[in-house]
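Colleague: I am sharing coords-v4.cif, which consists of mmCIF, C-alpha atoms:
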```cif
data_upload
#
loop_
_atom_site.group_PDB
_atom_site.id
_atom_site.type_symbol
_atom_site.label_atom_id
_atom_site.label_comp_id
_atom_site.auth_asym_id
_atom_site.auth_seq_id
_atom_site.Cartn_x
_atom_site.Cartn_y
_atom_site.Cartn_z
ATOM 1 C CA MET A 223 -13.034 30.029 -121.345
ATOM 2 C CA ASP A 224 -9.828 31.521 -119.935
ATOM 3 C CA LYS A 225 -7.474 29.035 -118.335
ATOM 4 C CA ALA A 226 -7.313 29.038 -114.537
ATOM 5 C CA ILE A 227 -4.217 30.672 -113.045
ATOM 6 C CA ILE A 228 -2.109 28.596 -110.660
ATOM 7 C CA TYR A 229 0.709 30.166 -108.656
ATOM 8 C CA ILE A 230 3.500 27.968 -107.277
ATOM 9 C CA THR A 231 5.585 29.391 -104.430
ATOM 10 C CA ARG A 232 8.763 27.394 -105.166
ATOM 11 C CA LYS A 233 10.446 26.624 -108.458
ATOM 12 C CA ILE A 234 9.723 23.051 -109.509
ATOM 13 C CA PRO A 235 10.686 21.209 -112.719
ATOM 14 C CA ASN A 236 8.643 22.430 -115.684
ATOM 15 C CA THR A 237 8.398 18.840 -116.886
ATOM 16 C CA LEU A 238 5.954 18.139 -114.037
ATOM 17 C CA LEU A 239 3.610 20.810 -115.362
ATOM 18 C CA SER A 240 3.484 19.665 -118.961
ATOM 19 C CA ASP A 241 0.452 17.396 -118.508
ATOM 20 C CA TYR A 242 -1.554 20.290 -117.092
ATOM 21 C CA GLU A 243 -0.525 23.212 -119.306
ATOM 22 C CA GLU A 244 -3.513 22.891 -121.630
ATOM 23 C CA GLN A 245 -5.812 23.409 -118.655
ATOM 24 C CA PHE A 246 -3.937 25.933 -116.523
ATOM 25 C CA THR A 247 -1.721 28.978 -116.768
ATOM 26 C CA PHE A 248 1.171 28.501 -114.367
ATOM 27 C CA ARG A 249 3.117 31.239 -112.671
ATOM 28 C CA MET A 250 5.969 30.318 -110.386
ATOM 29 C CA TRP A 251 8.435 31.895 -107.974
ATOM 30 C CA GLU A 252 11.855 31.827 -109.625
ATOM 31 C CA LYS A 253 13.817 30.170 -106.812
ATOM 32 C CA ALA A 254 13.662 26.641 -105.389
ATOM 33 C CA ASP A 255 15.659 27.278 -102.219
ATOM 34 C CA GLU A 256 14.398 30.700 -101.176
ATOM 35 C CA ARG A 257 10.912 31.526 -99.940
ATOM 36 C CA VAL A 258 8.727 33.806 -101.985
ATOM 37 C CA PRO A 259 8.582 37.326 -100.490
ATOM 38 C CA ARG A 260 5.321 38.089 -98.756
ATOM 39 C CA ASP A 261 4.503 41.016 -101.020
ATOM 40 C CA VAL A 262 5.019 38.868 -104.113
ATOM 41 C CA LEU A 263 2.801 36.113 -102.722
ATOM 42 C CA LEU A 264 0.034 38.584 -101.929
ATOM 43 C CA LYS A 265 0.243 40.111 -105.389
ATOM 44 C CA GLU A 266 0.159 36.730 -107.151
ATOM 45 C CA ALA A 267 -2.653 35.403 -104.976
ATOM 46 C CA LYS A 268 -4.920 38.320 -105.933
ATOM 47 C CA THR A 269 -5.529 36.870 -109.388
ATOM 48 C CA ALA A 270 -4.846 33.190 -108.771
ATOM 49 C CA ASP A 271 -7.448 30.430 -108.906
ATOM 50 C CA GLY A 272 -5.149 28.036 -107.081
ATOM 51 C CA LEU A 273 -1.969 28.098 -105.016
ATOM 52 C CA ILE A 274 0.666 25.466 -104.406
ATOM 53 C CA THR A 275 2.318 26.428 -101.132
ATOM 54 C CA VAL A 276 4.940 25.114 -98.711
ATOM 55 C CA LEU A 277 5.100 25.257 -94.918
ATOM 56 C CA SER A 278 6.930 28.591 -94.805
ATOM 57 C CA ASP A 279 4.147 30.351 -96.755
ATOM 58 C CA GLN A 280 1.560 31.934 -94.474
ATOM 59 C CA VAL A 281 -1.947 31.651 -95.896
ATOM 60 C CA ASP A 282 -4.014 33.825 -93.597
ATOM 61 C CA GLU A 283 -6.993 36.152 -93.529
ATOM 62 C CA ALA A 284 -4.995 38.987 -95.106
ATOM 63 C CA LEU A 285 -4.136 36.834 -98.116
ATOM 64 C CA LEU A 286 -7.487 35.107 -98.471
ATOM 65 C CA SER A 287 -9.608 38.238 -98.154
ATOM 66 C CA GLN A 288 -7.861 39.904 -101.111
ATOM 67 C CA SER A 289 -7.975 36.848 -103.408
ATOM 68 C CA PRO A 290 -11.536 36.651 -104.814
ATOM 69 C CA ASN A 291 -10.753 34.014 -107.460
ATOM 70 C CA LEU A 292 -8.949 31.624 -105.143
ATOM 71 C CA LYS A 293 -10.568 28.188 -104.904
ATOM 72 C CA ILE A 294 -7.857 25.924 -103.560
ATOM 73 C CA VAL A 295 -4.610 26.019 -101.612
ATOM 74 C CA ALA A 296 -2.639 22.814 -102.171
ATOM 75 C CA ASN A 297 0.012 22.540 -99.469
ATOM 76 C CA LEU A 298 3.130 20.639 -100.473
ATOM 77 C CA ALA A 299 3.376 18.869 -97.110
ATOM 78 C CA VAL A 300 1.431 16.567 -94.853
ATOM 79 C CA GLY A 301 1.191 19.379 -92.288
ATOM 80 C CA TYR A 302 -0.813 22.548 -92.803
ATOM 81 C CA ASN A 303 -0.260 24.692 -89.712
ATOM 82 C CA ASN A 304 0.836 27.510 -92.043
ATOM 83 C CA ILE A 305 -2.764 27.861 -93.241
ATOM 84 C CA ASP A 306 -5.629 29.485 -91.355
ATOM 85 C CA LEU A 307 -8.283 26.835 -91.916
ATOM 86 C CA SER A 308 -11.122 28.852 -90.436
ATOM 87 C CA ALA A 309 -10.313 31.790 -92.711
ATOM 88 C CA ALA A 310 -10.098 29.455 -95.700
ATOM 89 C CA LYS A 311 -13.519 28.035 -94.895
ATOM 90 C CA LYS A 312 -14.914 31.546 -94.475
ATOM 91 C CA HIS A 313 -13.720 32.452 -97.978
ATOM 92 C CA ASN A 314 -14.796 29.116 -99.525
ATOM 93 C CA VAL A 315 -11.218 28.076 -100.269
ATOM 94 C CA LEU A 316 -10.470 24.365 -100.079
ATOM 95 C CA VAL A 317 -7.211 23.282 -98.448
ATOM 96 C CA THR A 318 -5.413 20.067 -99.379
ATOM 97 C CA ASN A 319 -2.236 18.375 -98.193
ATOM 98 C CA THR A 320 -0.075 15.424 -99.280
ATOM 99 C CA PRO A 321 -0.547 12.527 -96.843
ATOM 100 C CA ASP A 322 0.236 8.867 -97.579
ATOM 101 C CA VAL A 323 2.694 9.489 -100.425
ATOM 102 C CA LEU A 324 5.440 10.589 -98.030
ATOM 103 C CA SER A 325 4.829 8.275 -95.063
ATOM 104 C CA GLU A 326 7.283 5.513 -95.957
ATOM 105 C CA THR A 327 9.996 7.918 -97.096
ATOM 106 C CA THR A 328 9.704 10.001 -93.931
ATOM 107 C CA ALA A 329 9.816 6.842 -91.833
ATOM 108 C CA ASP A 330 13.014 5.850 -93.664
ATOM 109 C CA LEU A 331 14.561 9.179 -92.729
ATOM 110 C CA GLY A 332 13.329 8.978 -89.150
ATOM 111 C CA PHE A 333 14.832 5.564 -88.589
ATOM 112 C CA ALA A 334 18.038 6.554 -90.391
ATOM 113 C CA LEU A 335 18.307 9.570 -88.080
ATOM 114 C CA LEU A 336 17.766 7.318 -85.067
ATOM 115 C CA MET A 337 20.514 4.988 -86.239
ATOM 116 C CA ALA A 338 22.930 7.791 -87.121
ATOM 117 C CA THR A 339 22.473 9.383 -83.695
ATOM 118 C CA ALA A 340 22.688 6.125 -81.775
ATOM 119 C CA ARG A 341 25.825 4.902 -83.540
ATOM 120 C CA ARG A 342 27.428 8.371 -83.796
ATOM 121 C CA ILE A 343 27.737 8.070 -87.580
ATOM 122 C CA VAL A 344 28.121 11.779 -88.372
ATOM 123 C CA GLU A 345 30.571 12.270 -85.527
ATOM 124 C CA ALA A 346 32.612 9.291 -86.720
ATOM 125 C CA SER A 347 32.730 10.622 -90.272
ATOM 126 C CA GLU A 348 33.937 14.010 -89.025
ATOM 127 C CA PHE A 349 36.483 12.209 -86.845
ATOM 128 C CA ILE A 350 38.202 10.913 -89.981
ATOM 129 C CA LYS A 351 37.782 14.137 -91.934
ATOM 130 C CA ASN A 352 39.544 15.986 -89.105
ATOM 131 C CA ASP A 353 42.375 13.415 -89.146
ATOM 132 C CA GLU A 354 41.716 12.418 -85.524
ATOM 133 C CA TRP A 355 41.831 8.622 -86.048
ATOM 134 C CA LYS A 356 45.207 7.635 -84.637
ATOM 135 C CA ASP A 357 44.651 4.020 -83.601
ATOM 136 C CA TRP A 358 42.022 1.514 -82.487
ATOM 137 C CA ALA A 359 40.642 1.790 -78.953
ATOM 138 C CA PRO A 360 38.116 -0.426 -77.146
ATOM 139 C CA TYR A 361 35.512 2.307 -76.742
ATOM 140 C CA LEU A 362 36.409 4.517 -79.696
ATOM 141 C CA LEU A 363 33.189 6.340 -80.685
ATOM 142 C CA ALA A 364 31.115 3.686 -78.923
ATOM 143 C CA GLY A 365 27.439 4.341 -79.397
ATOM 144 C CA SER A 366 24.134 2.844 -78.329
ATOM 145 C CA ASP A 367 22.718 -0.461 -79.483
ATOM 146 C CA ILE A 368 19.422 -0.316 -81.339
ATOM 147 C CA HIS A 369 18.451 -3.970 -81.458
ATOM 148 C CA HIS A 370 16.325 -5.284 -78.585
ATOM 149 C CA LYS A 371 15.972 -1.785 -77.110
ATOM 150 C CA THR A 372 12.684 0.010 -76.445
ATOM 151 C CA ILE A 373 11.408 2.591 -78.899
ATOM 152 C CA GLY A 374 8.686 4.996 -77.798
ATOM 153 C CA ILE A 375 6.735 6.524 -80.678
ATOM 154 C CA VAL A 376 4.716 9.627 -79.840
ATOM 155 C CA GLY A 377 2.077 9.977 -82.550
ATOM 156 C CA MET A 378 0.976 6.697 -84.094
ATOM 157 C CA GLY A 379 -0.273 7.921 -87.453
ATOM 158 C CA ARG A 380 0.861 6.590 -90.810
ATOM 159 C CA ILE A 381 4.485 7.626 -90.282
ATOM 160 C CA GLY A 382 4.530 6.382 -86.699
ATOM 161 C CA GLU A 383 3.259 2.976 -87.760
ATOM 162 C CA ALA A 384 5.809 2.839 -90.580
ATOM 163 C CA ILE A 385 8.598 3.530 -88.068
ATOM 164 C CA ALA A 386 7.210 0.802 -85.809
ATOM 165 C CA LYS A 387 7.371 -1.657 -88.712
ATOM 166 C CA ARG A 388 11.035 -0.842 -89.186
ATOM 167 C CA ALA A 389 11.642 -1.288 -85.472
ATOM 168 C CA THR A 390 10.356 -4.857 -85.638
ATOM 169 C CA GLY A 391 13.273 -5.716 -87.902
ATOM 170 C CA PHE A 392 15.606 -4.748 -85.052
ATOM 171 C CA ASN A 393 13.653 -6.814 -82.513
ATOM 172 C CA MET A 394 12.806 -3.636 -80.622
ATOM 173 C CA ASN A 395 10.162 -3.378 -77.949
ATOM 174 C CA ILE A 396 7.608 -0.914 -79.279
ATOM 175 C CA ARG A 397 5.675 1.509 -77.104
ATOM 176 C CA TYR A 398 3.454 4.230 -78.460
ATOM 177 C CA HIS A 399 1.376 7.144 -77.246
ATOM 178 C CA ASN A 400 -1.474 8.499 -79.325
ATOM 179 C CA ARG A 401 -4.796 10.296 -78.910
ATOM 180 C CA SER A 402 -6.512 6.970 -79.535
ATOM 181 C CA ARG A 403 -5.562 3.309 -79.332
ATOM 182 C CA LYS A 404 -4.359 1.635 -82.527
ATOM 183 C CA GLU A 405 -5.482 -1.943 -82.045
ATOM 184 C CA ASP A 406 -4.260 -3.062 -85.459
ATOM 185 C CA ALA A 407 -0.745 -1.814 -84.653
ATOM 186 C CA GLU A 408 -0.887 -3.571 -81.318
ATOM 187 C CA LYS A 409 -1.930 -6.827 -82.977
ATOM 188 C CA ASP A 410 0.274 -6.685 -86.070
ATOM 189 C CA LEU A 411 3.396 -5.049 -84.619
ATOM 190 C CA GLY A 412 3.237 -5.951 -80.957
ATOM 191 C CA ALA A 413 3.081 -2.278 -80.042
ATOM 192 C CA ILE A 414 2.127 -1.456 -76.459
ATOM 193 C CA TYR A 415 -0.053 1.557 -75.749
ATOM 194 C CA SER A 416 1.462 3.719 -73.009
ATOM 195 C CA SER A 417 0.723 6.932 -71.216
ATOM 196 C CA PHE A 418 3.034 9.752 -72.217
ATOM 197 C CA ASP A 419 4.842 9.619 -68.862
ATOM 198 C CA ASP A 420 5.331 5.847 -68.972
ATOM 199 C CA LEU A 421 6.644 6.044 -72.523
ATOM 200 C CA LEU A 422 9.190 8.666 -71.505
ATOM 201 C CA THR A 423 10.465 6.704 -68.518
ATOM 202 C CA GLU A 424 10.604 3.305 -70.235
ATOM 203 C CA SER A 425 11.970 4.121 -73.709
ATOM 204 C CA ASP A 426 15.559 4.034 -74.905
ATOM 205 C CA PHE A 427 14.546 6.002 -77.993
ATOM 206 C CA VAL A 428 11.750 8.586 -77.966
ATOM 207 C CA VAL A 429 10.537 9.530 -81.446
ATOM 208 C CA SER A 430 8.205 12.472 -82.027
ATOM 209 C CA VAL A 431 5.865 12.104 -84.993
ATOM 210 C CA VAL A 432 2.985 14.211 -83.658
ATOM 211 C CA PRO A 433 1.205 16.941 -85.626
ATOM 212 C CA LEU A 434 1.534 20.461 -84.258
ATOM 213 C CA THR A 435 -1.590 21.410 -82.295
ATOM 214 C CA LYS A 436 -2.347 23.450 -79.187
ATOM 215 C CA GLU A 437 -2.061 20.227 -77.208
ATOM 216 C CA THR A 438 1.297 19.161 -78.644
ATOM 217 C CA GLU A 439 3.047 22.536 -78.660
ATOM 218 C CA LYS A 440 6.082 22.284 -76.331
ATOM 219 C CA MET A 441 4.942 18.877 -75.083
ATOM 220 C CA PHE A 442 8.612 17.914 -74.953
ATOM 221 C CA ASN A 443 9.566 20.337 -72.205
ATOM 222 C CA LYS A 444 11.887 20.324 -69.196
ATOM 223 C CA ASP A 445 9.610 17.997 -67.273
ATOM 224 C CA ALA A 446 9.481 15.542 -70.177
ATOM 225 C CA PHE A 447 13.254 15.415 -70.630
ATOM 226 C CA GLN A 448 13.765 14.934 -66.893
ATOM 227 C CA LYS A 449 11.586 11.814 -67.023
ATOM 228 C CA MET A 450 13.636 10.223 -69.806
ATOM 229 C CA LYS A 451 16.490 7.833 -69.131
ATOM 230 C CA SER A 452 19.940 9.399 -69.001
ATOM 231 C CA SER A 453 20.888 6.912 -71.739
ATOM 232 C CA ALA A 454 17.870 7.822 -73.909
ATOM 233 C CA ILE A 455 18.021 9.389 -77.364
ATOM 234 C CA PHE A 456 15.368 11.828 -78.602
ATOM 235 C CA ILE A 457 14.385 12.010 -82.273
ATOM 236 C CA ASN A 458 12.139 14.699 -83.771
ATOM 237 C CA ILE A 459 10.792 14.439 -87.327
ATOM 238 C CA SER A 460 7.470 16.171 -86.633
ATOM 239 C CA ARG A 461 7.543 19.923 -86.000
ATOM 240 C CA GLY A 462 10.049 22.094 -84.188
ATOM 241 C CA ASP A 463 7.364 23.717 -82.068
ATOM 242 C CA VAL A 464 6.575 20.497 -80.212
ATOM 243 C CA ILE A 465 9.896 20.972 -78.384
ATOM 244 C CA GLU A 466 10.883 23.507 -75.760
ATOM 245 C CA GLU A 467 14.305 23.949 -77.314
ATOM 246 C CA SER A 468 15.958 25.551 -74.292
ATOM 247 C CA ALA A 469 14.940 22.536 -72.193
ATOM 248 C CA LEU A 470 16.343 20.110 -74.774
ATOM 249 C CA LEU A 471 19.614 22.033 -74.915
ATOM 250 C CA GLU A 472 19.907 21.889 -71.145
ATOM 251 C CA ALA A 473 19.169 18.152 -71.108
ATOM 252 C CA LEU A 474 21.834 17.493 -73.740
ATOM 253 C CA LYS A 475 24.515 19.733 -72.239
ATOM 254 C CA GLU A 476 24.020 18.336 -68.741
ATOM 255 C CA ASN A 477 23.840 14.730 -69.985
ATOM 256 C CA LYS A 478 20.306 14.253 -68.716
ATOM 257 C CA ILE A 479 19.758 12.398 -72.004
ATOM 258 C CA ARG A 480 22.391 10.853 -74.243
ATOM 259 C CA GLY A 481 21.653 12.506 -77.561
ATOM 260 C CA ALA A 482 19.190 13.869 -80.090
ATOM 261 C CA GLY A 483 18.504 13.669 -83.797
ATOM 262 C CA LEU A 484 16.614 16.666 -85.165
ATOM 263 C CA ASP A 485 15.178 17.178 -88.645
ATOM 264 C CA VAL A 486 12.967 20.128 -87.678
ATOM 265 C CA PHE A 487 13.383 23.298 -85.635
ATOM 266 C CA ARG A 488 11.201 26.072 -84.215
ATOM 267 C CA GLU A 489 12.670 28.601 -86.638
ATOM 268 C CA GLU A 490 13.997 27.421 -89.975
ATOM 269 C CA PRO A 491 16.457 27.466 -91.553
ATOM 270 C CA ILE A 492 19.039 27.159 -88.795
ATOM 271 C CA HIS A 493 22.694 28.057 -89.350
ATOM 272 C CA SER A 494 26.088 26.854 -88.205
ATOM 273 C CA ASP A 495 25.941 29.063 -85.099
ATOM 274 C CA ASN A 496 22.801 27.341 -83.828
ATOM 275 C CA PRO A 497 23.575 25.867 -80.385
ATOM 276 C CA PHE A 498 22.393 22.388 -81.401
ATOM 277 C CA VAL A 499 24.901 22.280 -84.257
ATOM 278 C CA GLY A 500 27.813 22.699 -81.869
ATOM 279 C CA LEU A 501 26.923 19.658 -79.772
ATOM 280 C CA LYS A 502 28.637 16.371 -80.625
ATOM 281 C CA ASN A 503 25.708 14.340 -79.316
ATOM 282 C CA VAL A 504 23.240 15.925 -81.735
ATOM 283 C CA VAL A 505 22.626 15.195 -85.418
ATOM 284 C CA CYS A 506 20.955 18.115 -87.214
ATOM 285 C CA LEU A 507 19.288 17.774 -90.615
ATOM 286 C CA PRO A 508 17.714 20.486 -92.820
ATOM 287 C CA HIS A 509 14.071 19.298 -92.734
ATOM 288 C CA ILE A 510 14.514 16.533 -95.311
ATOM 289 C CA GLY A 511 12.022 13.963 -94.010
ATOM 290 C CA SER A 512 10.316 13.394 -97.350
ATOM 291 C CA ALA A 513 13.250 14.417 -99.539
ATOM 292 C CA SER A 514 13.625 11.623 -102.038
ATOM 293 C CA ASP A 515 13.268 12.209 -105.771
ATOM 294 C CA ASP A 516 10.342 9.810 -106.085
ATOM 295 C CA THR A 517 8.429 11.132 -103.095
ATOM 296 C CA ARG A 518 8.838 14.843 -103.784
ATOM 297 C CA THR A 519 7.658 14.217 -107.358
ATOM 298 C CA ALA A 520 4.656 12.271 -106.063
ATOM 299 C CA MET A 521 3.833 15.113 -103.642
ATOM 300 C CA ILE A 522 3.909 17.702 -106.427
ATOM 301 C CA ARG A 523 1.750 15.535 -108.681
ATOM 302 C CA LEU A 524 -0.763 15.090 -105.874
ATOM 303 C CA CYS A 525 -0.955 18.870 -105.424
ATOM 304 C CA LEU A 526 -1.563 19.283 -109.150
ATOM 305 C CA ASP A 527 -4.209 16.549 -109.177
ATOM 306 C CA ASN A 528 -5.954 18.178 -106.223
ATOM 307 C CA ILE A 529 -6.011 21.503 -108.044
ATOM 308 C CA LYS A 530 -7.297 19.891 -111.216
ATOM 309 C CA GLY A 531 -10.048 18.122 -109.291
ATOM 310 C CA VAL A 532 -11.231 21.274 -107.551
ATOM 311 C CA ILE A 533 -11.014 23.617 -110.542
ATOM 312 C CA TRP A 534 -12.758 21.122 -112.830
ATOM 313 C CA GLY A 535 -15.441 20.191 -110.300
ATOM 314 C CA MET A 536 -14.376 16.602 -109.644
ATOM 315 C CA GLY A 537 -13.292 17.173 -106.058
ATOM 316 C CA ALA A 538 -9.941 16.917 -104.307
ATOM 317 C CA LYS A 539 -8.173 13.647 -103.566
ATOM 318 C CA THR A 540 -6.805 14.706 -100.183
ATOM 319 C CA PRO A 541 -8.820 17.566 -98.661
ATOM 320 C CA VAL A 542 -7.933 18.687 -95.159
ATOM 321 C CA GLY A 543 -10.685 18.200 -92.616
#
```
Could you spell out this file's structure in structure tokens?
Modeller:
Amino acid sequence: MDKAIIYITRKIPNTLLSDYEEQFTFRMWEKADERVPRDVLLKEAKTADGLITVLSDQVDEALLSQSPNLKIVANLAVGYNNIDLSAAKKHNVLVTNTPDVLSETTADLGFALLMATARRIVEASEFIKNDEWKDWAPYLLAGSDIHHKTIGIVGMGRIGEAIAKRATGFNMNIRYHNRSRKEDAEKDLGAIYSSFDDLLTESDFVVSVVPLTKETEKMFNKDAFQKMKSSAIFINISRGDVIEESALLEALKENKIRGAGLDVFREEPIHSDNPFVGLKNVVCLPHIGSASDDTRTAMIRLCLDNIKGVIWGMGAKTPVG
């Protein structure tokens, strides 16, 4: 029997494929830091039995309808809004993602971003690099305390709960808003369920960890930022599309909120001329929530295991839906 063909849309270490090479024929886009061109993806998908994709790869009706051998799309992310799930179901293509393995790492990054923004860490580093440190001053680069403040977590999934656990170490008051109550988090972490409006008005730090849906798109809009404290800091490690970016820019420029830490944006990548980059009260990161060596390797292995399970009839470990 011919080996199944698997196409990977980003270059990954060949060492990760060695355990699977007897079972599959791998083809791979040649670059790790540049998205595969659409025409190349369509051409490769035509003969592929499985795809490993990333969030910037659009898997839609046009791709699926011309790929008769395709059985699985393994998305190298916890999100999957780049994939048309209804079209995949129509064409009997299973979709998988990589939950769980990245939750703790992404929570690490989220809390690190909160701390960096609150204590003006990036700004302080640049202050020295630009040779601006002349002497000590009482309020030199004074930031916001984190301990004993109120954190409002919007989206209490695995990552949200992991952030809440970290907040307990800082003796923070924990509020959360979610589609459903999380009684275990309330009991174990002392988290308080809040309406979205109450969370906005009461929190010193508002952290977005929501998935992108029709309901969450632009949920952080002008009205939301107006309800936040003027001393509040907004952190987004979910998706760029949950923010109305023009409203956030206005809130930051007019000091309606104190600052923001952003790991995701509506259109990625951003560049040095992006208006957020020019603001001193904003920390911008290049979508690195799960970017640790261990976690990215675990994500890739999970994609490969999902493909192996589907192709060999054992089922996927983490199917979507």
Colleague: Write out as a ChimeraX atom specification each polymer residue whose atoms come within 8 Å of region 386-394 of chain A, counting only C-alpha atoms; drop sequence neighbours fewer than 4 positions from it.
Modeller: /A:333,368-373,375,382,411,413
Colleague: Separation of CA of Thr423 (chain A) and CA of Gly500 (chain A), in Å?
Modeller: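 Taking CA of Thr423 (chain A) as the start and CA of Gly500 (chain A) as the end point, the length is 27.1 Å.
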Colleague: Determine the residue set returned by the PyMOL selection byres ((chain A and resi 360-365) around 8) for the present structure, and present it as number ranges by chain.
Modeller: A: 340-342, 346, 358-359, 366-367
Colleague: Rank nothing, just name the residue among A:Val428, A:Ile228, A:Leu335, A:Leu471 nearest to Pro508 (chain A), using only C-alpha atoms.
Modeller: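 Checking each of A:Val428, A:Ile228, A:Leu335, A:Leu471 against Pro508 (chain A), counting only C-alpha atoms, the winner is A:Leu335.
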Colleague: One decimal, in Å: what's the spacing between CA of Val504 (chain A) and CA of Thr517 (chain A)?
Modeller: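 Separation of CA of Val504 (chain A) and CA of Thr517 (chain A): 26.4 Å.
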Colleague: Any idea what's packed within 9 Å of region 406-410 of chain A, counting all atoms listed in the file, ignoring anything in its chain fewer than 3 positions away? Could you give it as a JSON list (two decimals) with C-alpha atoms, in the frame of the given file?
Modeller:
```
[["chain", "number", "residue", "atom", "x", "y", "z"],
["A", 378, "MET", "CA", 0.98, 6.70, -84.09],
["A", 383, "GLU", "CA", 3.26, 2.98, -87.76],
["A", 386, "ALA", "CA", 7.21, 0.80, -85.81],
["A", 403, "ARG", "CA", -5.56, 3.31, -79.33],
["A", 413, "ALA", "CA", 3.08, -2.28, -80.04],
["A", 414, "ILE", "CA", 2.13, -1.46, -76.46],
["A", 415, "TYR", "CA", -0.05, 1.56, -75.75]]
```
Colleague: Quick one: of A:Thr438, A:Ser468, A:Ser417, A:Ser512, who's nearest to Phe498 (chain A), counting all atoms listed in the file?
Modeller: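 Smallest separation from Phe498 (chain A) among the options: A:Ser468.
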Colleague: Please identify all polymer residues within 7 Å of Leu316 (chain A), counting all atoms listed in the file, omitting same-chain residues fewer than 5 positions from it, and present them as a list in words.
Modeller: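 In the requested form, the answer reads Lys293, Ile294, Val295 and Ala310 of chain A.
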Colleague: Under the PyMOL selection byres ((chain A and resi 238) around 12), which residues of this model are included? Write them out as number ranges by chain.
Modeller: A: 233-237, 239-243, 248, 518-527
Colleague: Could you list, as JSON, numbers by chain, every residue within 9 Å of Ala469 (chain A), counting only C-alpha atoms and ignoring same-chain residues fewer than 2 positions away?
Modeller: {"A": [442, 443, 444, 445, 447, 465, 466, 467, 471, 472, 473, 474]}
Colleague: What does the distance from CA of Ile529 (chain A) to CA of Gly272 (chain A) come to in Å, to one decimal?
Modeller: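 One can read the CA of Ile529 (chain A) to CA of Gly272 (chain A) distance as 6.7 Å.
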Colleague: Evaluated on this file, the PyMOL selection byres ((chain A and resi 454-456) around 7) picks out some residues - which ones are they, written as a short mmCIF file (atom, residue, chain, number, x, y, z; two decimals) with C-alpha atoms, in the frame of the given file?
Modeller:
```cif
data_model
loop_
_atom_site.label_atom_id
_atom_site.label_comp_id
_atom_site.auth_asym_id
_atom_site.auth_seq_id
_atom_site.Cartn_x
_atom_site.Cartn_y
_atom_site.Cartn_z
CA SER A 425 11.97 4.12 -73.71
CA ASP A 426 15.56 4.03 -74.90
CA PHE A 427 14.55 6.00 -77.99
CA VAL A 428 11.75 8.59 -77.97
CA VAL A 429 10.54 9.53 -81.45
CA MET A 450 13.64 10.22 -69.81
CA LYS A 451 16.49 7.83 -69.13
CA SER A 452 19.94 9.40 -69.00
CA SER A 453 20.89 6.91 -71.74
CA ILE A 457 14.38 12.01 -82.27
CA ASN A 458 12.14 14.70 -83.77
CA ILE A 479 19.76 12.40 -72.00
CA ARG A 480 22.39 10.85 -74.24
CA GLY A 481 21.65 12.51 -77.56
CA ALA A 482 19.19 13.87 -80.09
CA GLY A 483 18.50 13.67 -83.80
#
```
Colleague: Measuring between all atoms listed in the file, which one of A:Leu277, A:Ala309, A:Pro321, A:Trp251 shows the shortest distance to Thr540 (chain A)?
Modeller: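 Selected residue with least distance to Thr540 (chain A): A:Pro321.
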Colleague: Considering all atoms listed in the file, return as a list of chain:residue names whatever protein or nucleic-acid residues lie within 12 Å of Val499 (chain A), sequence-local ones (same chain, fewer than 2 positions apart) excluded.
Modeller: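 Listed by chain and then number, they are A:Val344, A:Glu345, A:Leu471, A:Leu474, A:Ala482, A:Gly483, A:Leu484, A:Asp485, A:Phe487, A:Ile492, A:His493, A:Ser494, A:Asp495, A:Asn496, A:Pro497, A:Leu501, A:Lys502, A:Asn503, A:Val504, A:Val505, A:Cys506, A:Leu507, A:Pro508.
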